[in-house]
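**Student:** I am attaching a structure below and will ask some questions about it afterwards.
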Amino acid sequence: NDGAYPESIAFTLWGTDNIKTYGESLAQVLALAGVRPVADSLGRVNKVELIPLEELGRPRIDVVVSCSGVFRDLFINQMNLMDRGIKMAAEADEPLEQNFIRKHAVEQAEELNVSIREASCRVFSNSAGSYSANVGLAIENGGWEDESQLQEQFLTRKGFAFNADKPGMMEQQADLFKSALKTVDVTFQNLDSSEISITDVSHYYDSDPTKVVEGLRDDKKKPMSLMADTTTANAQVRTLSETVRLDARTKLLNPKFYEGMLSTGYEGVREIQKRLRNTMGWSATAGEVDNFVFEDANSVFIEDAEMQQRLLDTNPNAFRDMVTTFLEANGRGYWETTDENIERLQELYAEVEDRIEGV
């Protein structure tokens, strides 16, 4: 970006991931804000301090942190540290061009008619006892009208703010959550597991705020979406689009993967369908799935008559769901293809329905 720093980054923090990485994401959030943990004589971290701008050598980057319900349950003390550190940065007497946290907090305080300290709440999660945005659930069962419904669902369920000044409470702060998200330039998430990829489960796209931010920004510009692969010592940051392509090539479109799944029988077909559905989930929440992914998947699983029959014979219900996913991806504008392909899919759907119903 011509050497320019992003002013605000939206982070997704998961509980089990931070256990495995000893707080990798937490450290990234504090580092971006220019905040340093301070250990006591026993090595426990109960305080934070600001890194002086002269030492930091760059502006303080604003961060909007969306914590999973499990992270909230396990790491409430760490949420406290993040909140206190971000509020310290917001209240620091520093030039606005060197402190984006303060810059945005001042603007939001005026917009929402609250104090700068209240406006600088940046740590959000579900309400107590609640988990996930349930966006994945809506996409899995097809029960959503349009993307605005998914975005509103995300904002409603994840818009509970942690406030170190009111410990033990998660207050609904939807307006503050929206106000913070609309300044975001980059969305970011870590991938630290080589066992679970971004289409193996719906949780990854369920917690992705890319299109939420796009809808909230005044200029309606989609933020840059990045993912860090930290599964090895040589951590690599890729765009979300690159990550989705890599995942599709190694799982959904990889003959070793889908033949391996098919060898397990009934459940294997369901696993293939699940990854196709989760791939469409990324289209709905981030718009970062290339057309060729659906086109190639259609060539592998639908156009190939032999493969089509294997899927149908092994698990007709999952195969029907696969056909439905292709049709839905096209109907929602995520996949452009030929009329011939759509007609084939529509005919297939009717055939599978008849077979399942015993007609």
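Residue numbering restarts at 1 for every chain of the structure tokens, chains are lettered A, B, ... in their displayed order, and ligands are numbered from 1 as they appear.
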Counting only C-alpha atoms, what is within 6 Å of Asp62 (chain A), bar same-chain residues fewer than 3 positions away, as a list in words?
**Tutor:** Glu7, Ser8, Phe100 and Ile101 of chain A
**Student:** Write out as a PyMOL selection string each polymer residue whose atoms come within 12 Å of Gln108 (chain A), counting only C-alpha atoms; drop sequence neighbours fewer than 2 positions from it.
**Tutor:** chain A and resi 90+101-106+110-122+175-183
**Student:** How would the residues just chosen look if you wrote them out with N, CA, C and O atoms as a compact mmCIF listing (two decimals), in the first residue's frame?
**Tutor:**
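Below is the file out11.txt, written as the result:
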```txt
# COMPACT_ATOMS: atom_id res chain seq x y z
N ALA A 90 -5.69 5.09 23.76
CA ALA A 90 -6.70 6.09 23.35
C ALA A 90 -6.59 7.36 24.17
O ALA A 90 -6.91 8.45 23.68
N ILE A 101 -5.53 4.72 17.26
CA ILE A 101 -6.52 4.34 18.27
C ILE A 101 -7.17 5.59 18.83
O ILE A 101 -8.41 5.69 18.92
N ARG A 102 -6.35 6.55 19.20
CA ARG A 102 -6.89 7.81 19.74
C ARG A 102 -7.67 8.57 18.67
O ARG A 102 -8.74 9.12 18.93
N LYS A 103 -7.13 8.58 17.45
CA LYS A 103 -7.81 9.28 16.35
C LYS A 103 -9.24 8.79 16.18
O LYS A 103 -10.19 9.59 16.12
N HIS A 104 -9.42 7.47 16.14
CA HIS A 104 -10.76 6.91 15.94
C HIS A 104 -11.63 7.06 17.19
O HIS A 104 -12.83 7.29 17.08
N ALA A 105 -11.02 6.93 18.37
CA ALA A 105 -11.79 7.06 19.61
C ALA A 105 -12.34 8.47 19.75
O ALA A 105 -13.49 8.66 20.20
N VAL A 106 -11.55 9.46 19.38
CA VAL A 106 -12.03 10.86 19.44
C VAL A 106 -13.21 11.06 18.49
O VAL A 106 -14.22 11.67 18.85
N GLU A 110 -17.32 11.64 19.70
CA GLU A 110 -18.16 12.74 19.22
C GLU A 110 -19.41 12.21 18.52
O GLU A 110 -20.52 12.71 18.72
N GLU A 111 -19.23 11.16 17.72
CA GLU A 111 -20.36 10.58 16.98
C GLU A 111 -21.40 9.97 17.91
O GLU A 111 -22.62 10.14 17.70
N LEU A 112 -20.96 9.27 18.96
CA LEU A 112 -21.87 8.55 19.85
C LEU A 112 -22.18 9.32 21.13
O LEU A 112 -22.95 8.82 21.96
N ASN A 113 -21.57 10.50 21.29
CA ASN A 113 -21.79 11.34 22.47
C ASN A 113 -21.44 10.60 23.76
O ASN A 113 -22.22 10.53 24.71
N VAL A 114 -20.24 10.02 23.77
CA VAL A 114 -19.73 9.33 24.96
C VAL A 114 -18.30 9.82 25.21
O VAL A 114 -17.74 10.57 24.41
N SER A 115 -17.71 9.38 26.31
CA SER A 115 -16.33 9.76 26.61
C SER A 115 -15.37 9.01 25.70
O SER A 115 -15.72 7.97 25.12
N ILE A 116 -14.14 9.52 25.58
CA ILE A 116 -13.13 8.84 24.77
C ILE A 116 -12.85 7.45 25.32
O ILE A 116 -12.68 6.49 24.56
N ARG A 117 -12.86 7.31 26.64
CA ARG A 117 -12.60 6.00 27.25
C ARG A 117 -13.69 5.00 26.88
O ARG A 117 -13.39 3.85 26.54
N GLU A 118 -14.94 5.44 26.91
CA GLU A 118 -16.04 4.55 26.52
C GLU A 118 -15.97 4.22 25.03
O GLU A 118 -16.23 3.09 24.62
N ALA A 119 -15.60 5.22 24.23
CA ALA A 119 -15.56 5.03 22.77
C ALA A 119 -14.43 4.11 22.34
O ALA A 119 -14.44 3.60 21.22
N SER A 120 -13.45 3.91 23.22
CA SER A 120 -12.28 3.11 22.85
C SER A 120 -12.44 1.63 23.18
O SER A 120 -11.47 0.88 23.11
N CYS A 121 -13.64 1.18 23.52
CA CYS A 121 -13.88 -0.26 23.70
C CYS A 121 -13.63 -0.96 22.36
O CYS A 121 -14.24 -0.61 21.35
N ARG A 122 -12.75 -1.94 22.36
CA ARG A 122 -12.38 -2.61 21.11
C ARG A 122 -12.43 -4.14 21.22
O ARG A 122 -12.12 -4.84 20.26
N ASP A 175 -23.92 -0.31 18.47
CA ASP A 175 -23.55 0.93 17.79
C ASP A 175 -22.04 1.17 17.87
O ASP A 175 -21.42 1.60 16.89
N LEU A 176 -21.47 0.89 19.03
CA LEU A 176 -20.02 1.05 19.20
C LEU A 176 -19.26 0.04 18.35
O LEU A 176 -18.23 0.36 17.75
N PHE A 177 -19.77 -1.19 18.28
CA PHE A 177 -19.16 -2.24 17.45
C PHE A 177 -19.17 -1.82 15.98
O PHE A 177 -18.15 -1.92 15.28
N LYS A 178 -20.29 -1.32 15.51
CA LYS A 178 -20.39 -0.87 14.12
C LYS A 178 -19.46 0.31 13.85
O LYS A 178 -18.80 0.38 12.82
N SER A 179 -19.42 1.24 14.79
CA SER A 179 -18.60 2.43 14.63
C SER A 179 -17.12 2.06 14.56
O SER A 179 -16.36 2.65 13.79
N ALA A 180 -16.71 1.07 15.37
CA ALA A 180 -15.32 0.62 15.33
C ALA A 180 -15.00 -0.12 14.04
O ALA A 180 -13.94 0.08 13.43
N LEU A 181 -15.92 -0.97 13.61
CA LEU A 181 -15.68 -1.78 12.40
C LEU A 181 -15.63 -0.95 11.13
O LEU A 181 -14.94 -1.32 10.18
N LYS A 182 -16.34 0.16 11.10
CA LYS A 182 -16.41 0.92 9.85
C LYS A 182 -15.10 1.64 9.52
O LYS A 182 -14.94 2.17 8.43
N THR A 183 -14.13 1.64 10.47
CA THR A 183 -12.82 2.23 10.19
C THR A 183 -11.80 1.19 9.77
O THR A 183 -10.66 1.52 9.45
```
**Student:** How would you write, as a VMD selection string, the set of residues in region 93-159 of chain A that DSSP gives as strand (DSSP E or B)?
**Tutor:** chain A and resid 99 123 to 125
**Student:** Please identify all polymer residues within 8 Å of Ala89 (chain A), counting only C-alpha atoms, omitting same-chain residues fewer than 6 positions from it, and present them as an mmCIF file with N, CA and C atoms, in the first residue's frame.
**Tutor:**
```cif
data_model
loop_
_atom_site.group_PDB
_atom_site.id
_atom_site.type_symbol
_atom_site.label_atom_id
_atom_site.label_comp_id
_atom_site.auth_asym_id
_atom_site.auth_seq_id
_atom_site.Cartn_x
_atom_site.Cartn_y
_atom_site.Cartn_z
ATOM 1 N N ALA A 33 -1.013 -2.355 18.734
ATOM 2 C CA ALA A 33 -1.433 -1.182 19.498
ATOM 3 C C ALA A 33 -0.261 -0.492 20.193
ATOM 4 N N GLY A 34 0.909 -1.104 20.134
ATOM 5 C CA GLY A 34 2.064 -0.513 20.802
ATOM 6 C C GLY A 34 1.975 -0.643 22.304
ATOM 7 N N VAL A 35 1.538 -1.818 22.751
ATOM 8 C CA VAL A 35 1.361 -2.076 24.181
ATOM 9 C C VAL A 35 2.248 -3.253 24.576
ATOM 10 N N LEU A 50 2.375 1.303 27.767
ATOM 11 C CA LEU A 50 2.537 1.757 26.394
ATOM 12 C C LEU A 50 4.015 1.761 26.015
ATOM 13 N N ARG A 60 0.550 3.839 16.250
ATOM 14 C CA ARG A 60 -0.220 2.798 16.935
ATOM 15 C C ARG A 60 -1.398 2.421 16.037
ATOM 16 N N ASN A 99 -1.197 7.948 16.304
ATOM 17 C CA ASN A 99 -1.988 7.130 17.223
ATOM 18 C C ASN A 99 -3.395 6.980 16.648
ATOM 19 N N ILE A 101 -5.532 4.725 17.256
ATOM 20 C CA ILE A 101 -6.518 4.336 18.271
ATOM 21 C C ILE A 101 -7.173 5.592 18.829
ATOM 22 N N ARG A 102 -6.353 6.551 19.202
ATOM 23 C CA ARG A 102 -6.886 7.806 19.737
ATOM 24 C C ARG A 102 -7.669 8.574 18.665
#
```
**Student:** Show me a table, sorted first by chain and then by increasing residue number, of the residues of region 155-255 of chain A having an atom at most 7 Å from region 136-151 of chain A, each with its shortest atom pair and the distance in Å to one decimal, counting only C-alpha atoms and written as JSON lines.
**Tutor:**
```
{"residue": "A:Leu155", "atom": "CA", "partner": "A:Gln151", "partner_atom": "CA", "distance": 6.3}
{"residue": "A:Ser202", "atom": "CA", "partner": "A:Gly136", "partner_atom": "CA", "distance": 5.3}
{"residue": "A:His203", "atom": "CA", "partner": "A:Gly136", "partner_atom": "CA", "distance": 6.7}
{"residue": "A:Asp206", "atom": "CA", "partner": "A:Gly136", "partner_atom": "CA", "distance": 5.0}
{"residue": "A:Val212", "atom": "CA", "partner": "A:Gln151", "partner_atom": "CA", "distance": 5.3}
```
**Student:** For Leu96 (chain A), which of A:Pro59, A:Arg238, A:Asn341, A:Leu312 is the closest residue, counting only C-alpha atoms?
**Tutor:**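 Nearest candidate to Leu96 (chain A) out of A:Pro59, A:Arg238, A:Asn341, A:Leu312: A:Pro59.
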**Student:** Between A:Ser41, A:Ser263, A:Asn1, A:Ser197, which has the minimum distance to Asp185 (chain A) (counting only C-alpha atoms)?
**Tutor:**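 Answer, going by the shortest atom-to-atom distance: A:Asn1.
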**Student:** Ranking A:Glu54, A:Lys166, A:Thr156, A:Asn18 by minimum distance to Arg84 (chain A) and counting only C-alpha atoms, which one comes first?
**Tutor:**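 Closest candidate: A:Lys166.
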**Student:** List as a tab-separated table (two decimals) with N, CA, C and O atoms, in the first residue's frame the protein and nucleic acid residues near Tyr204 (chain A), meaning an atom at most 9 Å away when only C-alpha atoms are counted, but skip any in the same chain fewer than 4 places from it.
**Tutor:**
```tsv
chain	number	residue	atom	x	y	z
A	136	GLY	N	-22.66	-19.53	10.07
A	136	GLY	CA	-22.42	-20.84	9.47
A	136	GLY	C	-23.65	-21.71	9.48
A	136	GLY	O	-23.93	-22.42	8.51
A	189	GLN	N	-6.81	-13.12	10.43
A	189	GLN	CA	-6.99	-14.29	11.28
A	189	GLN	C	-5.81	-15.22	11.12
A	189	GLN	O	-5.21	-15.33	10.04
A	197	SER	N	-8.62	-27.13	8.20
A	197	SER	CA	-8.43	-26.02	7.26
A	197	SER	C	-9.69	-25.15	7.22
A	197	SER	O	-10.69	-25.43	7.88
A	198	ILE	N	-9.64	-24.12	6.40
A	198	ILE	CA	-10.72	-23.12	6.42
A	198	ILE	C	-12.02	-23.60	5.78
A	198	ILE	O	-13.03	-22.91	5.86
A	199	THR	N	-12.00	-24.78	5.13
A	199	THR	CA	-13.27	-25.32	4.64
A	199	THR	C	-13.65	-26.62	5.34
A	199	THR	O	-14.67	-27.23	5.01
A	208	ASP	N	-15.75	-14.42	10.20
A	208	ASP	CA	-15.07	-13.47	9.31
A	208	ASP	C	-15.94	-12.22	9.09
A	208	ASP	O	-17.09	-12.33	8.66
A	282	TRP	N	-17.56	-18.90	2.27
A	282	TRP	CA	-16.57	-17.83	2.10
A	282	TRP	C	-17.02	-16.82	1.04
A	282	TRP	O	-16.70	-15.63	1.13
```
**Student:** Restricting the calculation to only C-alpha atoms, which member of A:Leu81, A:Cys67, A:Val237, A:Val29 is positioned closest to Asn163 (chain A)?
**Tutor:**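 Looking only at the distances to Asn163 (chain A), the closest residue turns out to be A:Leu81.
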**Student:** Could you check the closest approach to Ala297 (chain A) for each of A:Val269, A:Leu311, A:Val184, A:Leu252 and tell me which residue wins, using only C-alpha atoms?
**Tutor:**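 Nearest to Ala297 (chain A): A:Leu252.
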**Student:** Do you know which residues are at most 12 Å from Lys20 (chain A) counting only C-alpha atoms, after dropping those on the same chain fewer than 4 positions away, and could you put them as a PyMOL selection string?
**Tutor:** chain A and resi 14-16+24-25+190-193+230-231
**Student:** Mind checking which residues fall within 8 Å of region 75-80 of chain A, counting only C-alpha atoms, ignoring those fewer than 2 positions away in the same chain, and posting them as JSON, numbers by chain?
**Tutor:** {"A": [15, 26, 71, 72, 73, 82, 83, 84, 123, 162, 163, 164]}
**Student:** I need the residues from that last selection saved to file as an mmCIF file, in the first residue's frame (with C-alpha atoms), if you can.
**Tutor:**
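The resulting file, again-v3.cif, is reproduced below:
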```
data_model
loop_
_atom_site.group_PDB
_atom_site.id
_atom_site.type_symbol
_atom_site.label_atom_id
_atom_site.label_comp_id
_atom_site.auth_asym_id
_atom_site.auth_seq_id
_atom_site.Cartn_x
_atom_site.Cartn_y
_atom_site.Cartn_z
ATOM 1 C CA GLY A 15 -9.714 -19.906 22.513
ATOM 2 C CA LEU A 26 -3.070 -11.863 21.753
ATOM 3 C CA PHE A 71 -11.917 -17.370 24.265
ATOM 4 C CA ARG A 72 -14.277 -15.273 26.406
ATOM 5 C CA ASP A 73 -14.774 -18.196 28.806
ATOM 6 C CA MET A 82 -6.236 -5.917 25.875
ATOM 7 C CA ASP A 83 -9.008 -3.523 26.880
ATOM 8 C CA ARG A 84 -6.821 -1.693 29.383
ATOM 9 C CA VAL A 123 -12.794 -6.093 22.603
ATOM 10 C CA PHE A 162 -15.862 -6.215 27.260
ATOM 11 C CA ASN A 163 -15.140 -3.260 29.510
ATOM 12 C CA ALA A 164 -12.351 -3.435 32.102
#
```
**Student:** To test your reading of the structure, identify every residue in region 65-281 of chain A that backbone DSSP assigns to alpha helix (DSSP H), and report it as a PyMOL selection string.
**Tutor:** chain A and resi 69-74+76-91+100-112+116-119+135-141+147-158+174-181+203-206+210-216+240-250+255-262+266-281
**Student:** For Thr232 (chain A), which of A:Ser194, A:Phe294, A:Phe154, A:Ser130 is the closest residue, counting only C-alpha atoms?
**Tutor:** A:Ser194
**Student:** Counting only C-alpha atoms, what is within 9 Å of Thr243 (chain A), bar same-chain residues fewer than 3 positions away, as a ChimeraX atom specification?
**Tutor:** /A:198,226-227,229,238-240,246-248
**Student:** How about saving the chosen residues, all heavy atoms kept, as a PDB file, in the first residue's frame?
**Tutor:**
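In the end it all went to again-v4.pdb:
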```pdb
ATOM      1  N   ILE A 198      -9.641 -24.119   6.399  1.00  0.00           N
ATOM      2  CA  ILE A 198     -10.717 -23.123   6.417  1.00  0.00           C
ATOM      3  C   ILE A 198     -12.020 -23.603   5.779  1.00  0.00           C
ATOM      4  O   ILE A 198     -13.033 -22.909   5.865  1.00  0.00           O
ATOM      5  CB  ILE A 198     -10.277 -21.802   5.747  1.00  0.00           C
ATOM      6  CG1 ILE A 198      -9.911 -22.025   4.277  1.00  0.00           C
ATOM      7  CG2 ILE A 198      -9.122 -21.179   6.498  1.00  0.00           C
ATOM      8  CD1 ILE A 198      -9.692 -20.738   3.513  1.00  0.00           C
ATOM      9  N   LEU A 226      -6.598 -10.889   5.156  1.00  0.00           N
ATOM     10  CA  LEU A 226      -5.354 -11.629   5.262  1.00  0.00           C
ATOM     11  C   LEU A 226      -5.482 -12.791   6.240  1.00  0.00           C
ATOM     12  O   LEU A 226      -6.255 -12.731   7.194  1.00  0.00           O
ATOM     13  CB  LEU A 226      -4.221 -10.713   5.750  1.00  0.00           C
ATOM     14  CG  LEU A 226      -3.876  -9.502   4.878  1.00  0.00           C
ATOM     15  CD1 LEU A 226      -2.812  -8.653   5.557  1.00  0.00           C
ATOM     16  CD2 LEU A 226      -3.417  -9.934   3.496  1.00  0.00           C
ATOM     17  N   MET A 227      -4.717 -13.847   5.965  1.00  0.00           N
ATOM     18  CA  MET A 227      -4.615 -14.975   6.888  1.00  0.00           C
ATOM     19  C   MET A 227      -3.149 -15.337   7.055  1.00  0.00           C
ATOM     20  O   MET A 227      -2.405 -15.370   6.071  1.00  0.00           O
ATOM     21  CB  MET A 227      -5.400 -16.184   6.378  1.00  0.00           C
ATOM     22  CG  MET A 227      -6.885 -16.071   6.617  1.00  0.00           C
ATOM     23  SD  MET A 227      -7.681 -17.680   6.536  1.00  0.00           S
ATOM     24  CE  MET A 227      -9.230 -17.333   7.361  1.00  0.00           C
ATOM     25  N   ASP A 229      -0.535 -18.186   8.028  1.00  0.00           N
ATOM     26  CA  ASP A 229      -0.330 -19.616   8.216  1.00  0.00           C
ATOM     27  C   ASP A 229       0.839 -19.789   9.182  1.00  0.00           C
ATOM     28  O   ASP A 229       2.000 -19.610   8.809  1.00  0.00           O
ATOM     29  CB  ASP A 229      -0.023 -20.271   6.871  1.00  0.00           C
ATOM     30  CG  ASP A 229       0.178 -21.775   6.972  1.00  0.00           C
ATOM     31  OD1 ASP A 229       0.253 -22.293   8.109  1.00  0.00           O
ATOM     32  OD2 ASP A 229       0.265 -22.429   5.923  1.00  0.00           O
ATOM     33  N   ARG A 238      -0.862 -14.721   3.797  1.00  0.00           N
ATOM     34  CA  ARG A 238      -1.443 -14.744   2.456  1.00  0.00           C
ATOM     35  C   ARG A 238      -2.752 -13.967   2.464  1.00  0.00           C
ATOM     36  O   ARG A 238      -3.368 -13.778   3.517  1.00  0.00           O
ATOM     37  CB  ARG A 238      -1.733 -16.175   2.002  1.00  0.00           C
ATOM     38  CG  ARG A 238      -0.534 -17.101   1.933  1.00  0.00           C
ATOM     39  CD  ARG A 238      -0.953 -18.450   1.365  1.00  0.00           C
ATOM     40  NE  ARG A 238       0.159 -19.407   1.288  1.00  0.00           N
ATOM     41  CZ  ARG A 238       0.453 -20.283   2.232  1.00  0.00           C
ATOM     42  NH1 ARG A 238      -0.315 -20.354   3.337  1.00  0.00           N
ATOM     43  NH2 ARG A 238       1.474 -21.104   2.109  1.00  0.00           N
ATOM     44  N   THR A 239      -3.189 -13.555   1.292  1.00  0.00           N
ATOM     45  CA  THR A 239      -4.530 -12.984   1.204  1.00  0.00           C
ATOM     46  C   THR A 239      -5.543 -14.110   1.420  1.00  0.00           C
ATOM     47  O   THR A 239      -5.223 -15.293   1.218  1.00  0.00           O
ATOM     48  CB  THR A 239      -4.781 -12.331  -0.161  1.00  0.00           C
ATOM     49  OG1 THR A 239      -4.753 -13.350  -1.172  1.00  0.00           O
ATOM     50  CG2 THR A 239      -3.748 -11.261  -0.457  1.00  0.00           C
ATOM     51  N   LEU A 240      -6.742 -13.740   1.825  1.00  0.00           N
ATOM     52  CA  LEU A 240      -7.786 -14.746   2.010  1.00  0.00           C
ATOM     53  C   LEU A 240      -8.078 -15.450   0.699  1.00  0.00           C
ATOM     54  O   LEU A 240      -8.286 -16.673   0.667  1.00  0.00           O
ATOM     55  CB  LEU A 240      -9.054 -14.087   2.561  1.00  0.00           C
ATOM     56  CG  LEU A 240     -10.279 -14.977   2.721  1.00  0.00           C
ATOM     57  CD1 LEU A 240      -9.971 -16.184   3.598  1.00  0.00           C
ATOM     58  CD2 LEU A 240     -11.445 -14.176   3.302  1.00  0.00           C
ATOM     59  N   LEU A 246      -5.642 -22.142  -2.282  1.00  0.00           N
ATOM     60  CA  LEU A 246      -4.748 -23.193  -1.807  1.00  0.00           C
ATOM     61  C   LEU A 246      -5.534 -24.324  -1.158  1.00  0.00           C
ATOM     62  O   LEU A 246      -5.264 -25.512  -1.401  1.00  0.00           O
ATOM     63  CB  LEU A 246      -3.751 -22.599  -0.801  1.00  0.00           C
ATOM     64  CG  LEU A 246      -2.749 -23.569  -0.178  1.00  0.00           C
ATOM     65  CD1 LEU A 246      -1.840 -24.167  -1.248  1.00  0.00           C
ATOM     66  CD2 LEU A 246      -1.916 -22.861   0.890  1.00  0.00           C
ATOM     67  N   ASP A 247      -6.529 -23.961  -0.356  1.00  0.00           N
ATOM     68  CA  ASP A 247      -7.334 -24.966   0.322  1.00  0.00           C
ATOM     69  C   ASP A 247      -8.134 -25.799  -0.680  1.00  0.00           C
ATOM     70  O   ASP A 247      -8.249 -27.018  -0.540  1.00  0.00           O
ATOM     71  CB  ASP A 247      -8.284 -24.286   1.311  1.00  0.00           C
ATOM     72  CG  ASP A 247      -8.970 -25.281   2.222  1.00  0.00           C
ATOM     73  OD1 ASP A 247      -8.326 -25.751   3.179  1.00  0.00           O
ATOM     74  OD2 ASP A 247     -10.153 -25.597   1.976  1.00  0.00           O
ATOM     75  N   ALA A 248      -8.695 -25.135  -1.692  1.00  0.00           N
ATOM     76  CA  ALA A 248      -9.470 -25.859  -2.705  1.00  0.00           C
ATOM     77  C   ALA A 248      -8.593 -26.850  -3.467  1.00  0.00           C
ATOM     78  O   ALA A 248      -9.003 -27.984  -3.748  1.00  0.00           O
ATOM     79  CB  ALA A 248     -10.114 -24.869  -3.683  1.00  0.00           C
TER      80      ALA A 248
END
```
**Student:** Using Å and a single decimal, report how far CA of Arg270 (chain A) sits from CA of Phe326 (chain A).
**Tutor:**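 About the pair CA of Phe326 (chain A) and CA of Arg270 (chain A): they are 14.8 Å apart.
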